[in-house]
Amino acid sequence: MNILFIGCGRMGGAMARAWTSDHRVLAHDPWAALPEGVEKIGDLAGADLPDDLVVILAVKPQAVETLRAMLTPLRDREPLFVSIMAGVPLAKLHELLGSECRMVRTMPNTAAAIGRGITAAHASETATADDRARVEALLRALGESIWLDQEREFDAVTAVSGSGPAYFFRFTEALAAAGAAEGLSPQQAMLLARATFAGAAALMESRSSQLAALRAEVTSPGGTTEAGLAVMDSENGIDRLLEGVVQAAATRSRQLAADESVKQAS
């Protein structure tokens with residue numbers, strides 16, 4: 001495929017690196033240091049671009065208004081647009097780029113940088129089955145992917161997988177701090193917490209068992225793990241905590257989308 005990034009920052013750069021071995025990858029970003037193998041494109045109007053482009057919209061969401069003028073030279077090429085801009089609905093992109101444009105909105109997460117991410121996607125009504133297949137092929141290089149039936153589901157996706165890595169990093173920090181409070185050095189506690197989290201994640205991925213069964217394998221009746229879990233499960237504490245965390249993130253995602261709608265109306 002011929003892939004053109006509009007913006008190539010941290011996430012865009014990670015995606016570009018994953019695709020350079022199998023595809024021709026170009027980028028228009030005056031400020032980014034582009035990954036090896038990515039061709040830098042200056043003026044889009046004067047550039048000798050290939051046909052049949054997949055255009056990745058990877059500018060910061062607050063810069064979305066710049067896309068209308070920036071991408072005017074590409075309109076006649078009828079590219080497939082793929083957005084990775086958080087909180088920017090397809091309706092806004094259609095307003096800027098044309099109602100006839102073929103688009104897929106996506107939400108990758110940070111583990112895409114090592115090919116272990118998960119990306120949610122939703123296609124516009126103008127996108128074809130071939131468009132979806134092309135996007136699916138690209139997303140496989142980043143990890144797993146899921147297709148959403150409704151665009152509004154992106155709020156929950158943002159709260160679970162988009163923001164989720166930060167929750168697990170924070171949990172690991174707290175586990176290390178608790179270990180240090182029990183007498184380990186901060187360095188020892190952090191090493192143990194990080195390795196334990198990484199190992200548990202790898203074990204979970206390698207086994208088809210239900211998480212409850214994996215948990216039971218570690219939990220001896222009357223043992224130390226049972227004592228720790230009793231605190232975590234007291235009054236459904238861990239469940240209520242995570243419900244509140246995801247709810248807060250999803251609510252904020254909806255607020256940001258609403259703010260964008262207000263800007264459009266004004």
# chains A, B, ... in the order shown; residues from 1 in each chain; ligands from 1
$ select_by_dssp --residues "segment 5-169 of chain A" --states "strand (DSSP E)" --output "CSV table (one decimal) with N, CA, C and O atoms, in the first residue's frame"
chain,number,residue,atom,x,y,z
A,5,PHE,N,1.1,9.7,6.0
A,5,PHE,CA,0.8,10.3,7.4
A,5,PHE,C,0.7,11.8,7.3
A,5,PHE,O,1.6,12.5,6.8
A,6,ILE,N,-0.4,12.3,7.8
A,6,ILE,CA,-0.5,13.7,8.1
A,6,ILE,C,-0.3,13.9,9.6
A,6,ILE,O,-1.2,13.7,10.4
A,24,ARG,N,5.0,1.3,1.2
A,24,ARG,CA,5.6,2.6,1.0
A,24,ARG,C,5.0,3.6,1.9
A,24,ARG,O,3.7,3.8,1.9
A,25,VAL,N,5.8,4.2,2.8
A,25,VAL,CA,5.2,5.1,3.8
A,25,VAL,C,5.8,6.5,3.6
A,25,VAL,O,7.0,6.7,3.6
A,26,LEU,N,4.9,7.5,3.5
A,26,LEU,CA,5.3,8.9,3.4
A,26,LEU,C,4.7,9.7,4.6
A,26,LEU,O,3.8,9.2,5.2
A,27,ALA,N,5.3,10.9,4.8
A,27,ALA,CA,4.7,11.7,6.0
A,27,ALA,C,4.9,13.1,5.7
A,27,ALA,O,5.9,13.6,5.2
A,28,HIS,N,3.8,13.9,6.0
A,28,HIS,CA,3.9,15.3,6.0
A,28,HIS,C,3.8,15.8,7.4
A,28,HIS,O,2.7,15.8,8.0
A,39,GLU,N,9.4,8.5,4.0
A,39,GLU,CA,9.8,9.5,3.0
A,39,GLU,C,9.1,10.8,3.5
A,39,GLU,O,7.9,10.9,3.7
A,40,LYS,N,9.9,11.9,3.6
A,40,LYS,CA,9.3,13.2,4.0
A,40,LYS,C,8.7,13.9,2.9
A,40,LYS,O,9.3,14.0,1.8
A,53,LEU,N,-3.9,6.2,-2.4
A,53,LEU,CA,-3.4,6.5,-1.1
A,53,LEU,C,-4.3,6.1,0.1
A,53,LEU,O,-5.5,6.2,0.0
A,54,VAL,N,-3.7,5.6,1.2
A,54,VAL,CA,-4.3,5.6,2.5
A,54,VAL,C,-3.7,6.7,3.3
A,54,VAL,O,-2.5,6.7,3.5
A,55,VAL,N,-4.5,7.6,3.7
A,55,VAL,CA,-4.1,8.8,4.4
A,55,VAL,C,-4.4,8.7,5.9
A,55,VAL,O,-5.6,8.6,6.3
A,56,ILE,N,-3.3,8.7,6.7
A,56,ILE,CA,-3.5,8.5,8.1
A,56,ILE,C,-3.6,9.9,8.8
A,56,ILE,O,-2.6,10.7,8.7
A,57,LEU,N,-4.7,10.3,9.4
A,57,LEU,CA,-4.8,11.6,10.0
A,57,LEU,C,-4.4,11.5,11.4
A,57,LEU,O,-5.0,10.9,12.3
A,80,LEU,N,-8.4,6.9,0.8
A,80,LEU,CA,-9.1,6.4,2.0
A,80,LEU,C,-8.4,7.1,3.2
A,80,LEU,O,-7.2,7.0,3.4
A,81,PHE,N,-9.3,7.7,4.0
A,81,PHE,CA,-8.8,8.4,5.2
A,81,PHE,C,-8.9,7.5,6.4
A,81,PHE,O,-10.0,6.9,6.6
A,82,VAL,N,-7.9,7.4,7.3
A,82,VAL,CA,-7.9,6.7,8.5
A,82,VAL,C,-7.5,7.7,9.6
A,82,VAL,O,-6.4,8.2,9.6
A,83,SER,N,-8.4,7.9,10.5
A,83,SER,CA,-8.1,8.9,11.6
A,83,SER,C,-7.7,8.1,12.9
A,83,SER,O,-8.3,7.1,13.3
A,102,ARG,N,-14.3,8.5,2.0
A,102,ARG,CA,-14.3,7.2,2.6
A,102,ARG,C,-13.4,7.3,3.8
A,102,ARG,O,-12.2,7.7,3.7
A,103,MET,N,-13.9,6.9,5.0
A,103,MET,CA,-13.1,7.1,6.3
A,103,MET,C,-13.3,6.0,7.2
A,103,MET,O,-14.3,5.3,7.2
A,104,VAL,N,-12.3,5.7,8.0
A,104,VAL,CA,-12.3,4.8,9.1
A,104,VAL,C,-11.7,5.5,10.3
A,104,VAL,O,-10.6,6.1,10.2
A,105,ARG,N,-12.5,5.6,11.4
A,105,ARG,CA,-11.9,6.1,12.6
A,105,ARG,C,-11.4,5.0,13.5
A,105,ARG,O,-12.0,4.0,13.6
A,106,THR,N,-10.2,5.2,14.1
A,106,THR,CA,-9.6,4.2,14.9
A,106,THR,C,-9.1,4.8,16.2
A,106,THR,O,-9.0,6.0,16.4
A,107,MET,N,-8.9,3.9,17.2
A,107,MET,CA,-8.3,4.2,18.5
A,107,MET,C,-7.3,3.1,18.8
A,107,MET,O,-7.6,2.1,19.4
A,117,GLY,N,-0.4,-3.9,20.7
A,117,GLY,CA,-1.6,-3.1,21.0
A,117,GLY,C,-2.9,-3.7,20.6
A,117,GLY,O,-3.0,-4.9,20.2
A,118,ILE,N,-3.9,-3.0,20.9
A,118,ILE,CA,-5.3,-3.3,20.4
A,118,ILE,C,-5.9,-2.0,19.9
A,118,ILE,O,-5.8,-1.0,20.5
A,119,THR,N,-6.5,-2.1,18.7
A,119,THR,CA,-7.0,-0.9,18.0
A,119,THR,C,-8.5,-1.2,17.7
A,119,THR,O,-8.9,-2.2,17.2
A,120,ALA,N,-9.3,-0.2,18.2
A,120,ALA,CA,-10.7,-0.3,17.8
A,120,ALA,C,-10.9,0.6,16.5
A,120,ALA,O,-10.3,1.6,16.3
A,121,ALA,N,-11.9,0.1,15.7
A,121,ALA,CA,-12.1,0.8,14.4
A,121,ALA,C,-13.6,0.9,14.1
A,121,ALA,O,-14.4,0.0,14.5
A,122,HIS,N,-14.0,1.9,13.4
A,122,HIS,CA,-15.4,2.1,13.0
A,122,HIS,C,-15.4,2.8,11.6
A,122,HIS,O,-14.7,3.8,11.5
A,123,ALA,N,-16.0,2.2,10.7
A,123,ALA,CA,-16.0,2.7,9.3
A,123,ALA,C,-17.2,3.6,9.0
A,123,ALA,O,-18.3,3.3,9.5
A,143,GLY,N,-1.0,-5.3,16.3
A,143,GLY,CA,-1.5,-6.1,17.4
A,143,GLY,C,-2.9,-6.6,17.0
A,143,GLY,O,-3.2,-6.9,15.9
A,144,GLU,N,-3.8,-6.6,18.0
A,144,GLU,CA,-5.2,-7.1,17.8
A,144,GLU,C,-6.0,-5.9,17.4
A,144,GLU,O,-5.6,-4.7,17.5
A,145,SER,N,-7.2,-6.2,16.8
A,145,SER,CA,-8.1,-5.1,16.5
A,145,SER,C,-9.6,-5.6,16.7
A,145,SER,O,-9.9,-6.8,16.6
A,146,ILE,N,-10.5,-4.7,16.9
A,146,ILE,CA,-11.9,-4.9,17.0
A,146,ILE,C,-12.6,-3.9,16.2
A,146,ILE,O,-12.2,-2.7,16.1
A,147,TRP,N,-13.8,-4.3,15.6
A,147,TRP,CA,-14.6,-3.3,14.8
A,147,TRP,C,-15.8,-3.0,15.7
A,147,TRP,O,-16.5,-3.9,16.2
$ residues_around --residues "Ala18 of chain A" --least-positions-apart "4" --cutoff "7 Å" --atoms "only C-alpha atoms" --output "ChimeraX atom specification"
/A:14,141-142
$ atom_distance --atom1 "atom CA of Arg116 of chain A" --atom2 "atom CA of Pro30 of chain A"
28.7 Å
$ closest_residue --among "A:Gln187, A:Ser124, A:Asn109, A:Thr172" --to "Val160 of chain A" --atoms "only C-alpha atoms"
A:Asn109
$ residues_around --residues "Ala33 of chain A" --least-positions-apart "2" --cutoff "9 Å" --atoms "only C-alpha atoms" --output "tab-separated table (two decimals) with N, CA, C and O atoms, in the first residue's frame"
chain	number	residue	atom	x	y	z
A	8	CYS	N	3.12	12.99	12.23
A	8	CYS	CA	3.84	11.74	12.50
A	8	CYS	C	4.55	11.85	13.84
A	8	CYS	O	5.78	11.75	13.92
A	9	GLY	N	3.77	12.06	14.89
A	9	GLY	CA	4.31	12.17	16.23
A	9	GLY	C	4.56	10.81	16.85
A	9	GLY	O	4.90	9.85	16.15
A	13	GLY	N	4.39	7.84	14.49
A	13	GLY	CA	5.71	7.28	14.22
A	13	GLY	C	5.78	5.79	14.52
A	13	GLY	O	6.41	5.03	13.79
A	29	ASP	N	4.94	16.24	7.92
A	29	ASP	CA	5.03	16.77	9.28
A	29	ASP	C	6.30	17.60	9.37
A	29	ASP	O	7.40	17.05	9.45
A	30	PRO	N	6.18	18.92	9.34
A	30	PRO	CA	7.37	19.78	9.33
A	30	PRO	C	8.23	19.67	10.57
A	30	PRO	O	9.42	20.02	10.53
A	31	TRP	N	7.67	19.19	11.68
A	31	TRP	CA	8.39	19.24	12.95
A	31	TRP	C	8.88	17.87	13.44
A	31	TRP	O	9.79	17.82	14.27
A	35	PRO	N	10.73	8.33	11.34
A	35	PRO	CA	11.41	7.03	11.46
A	35	PRO	C	12.14	6.68	10.18
A	35	PRO	O	11.79	7.15	9.08
$ select_by_dssp --residues "segment 15-220 of chain A" --states "alpha helix (DSSP H)" --output "ChimeraX atom specification"
/A:15-19,67-70,90-97,129-140,154-157,164-181,186-206,211-218
$ atom_distance --atom1 "atom CA of Gln62 of chain A" --atom2 "atom CA of Leu256 of chain A"
10.8 Å
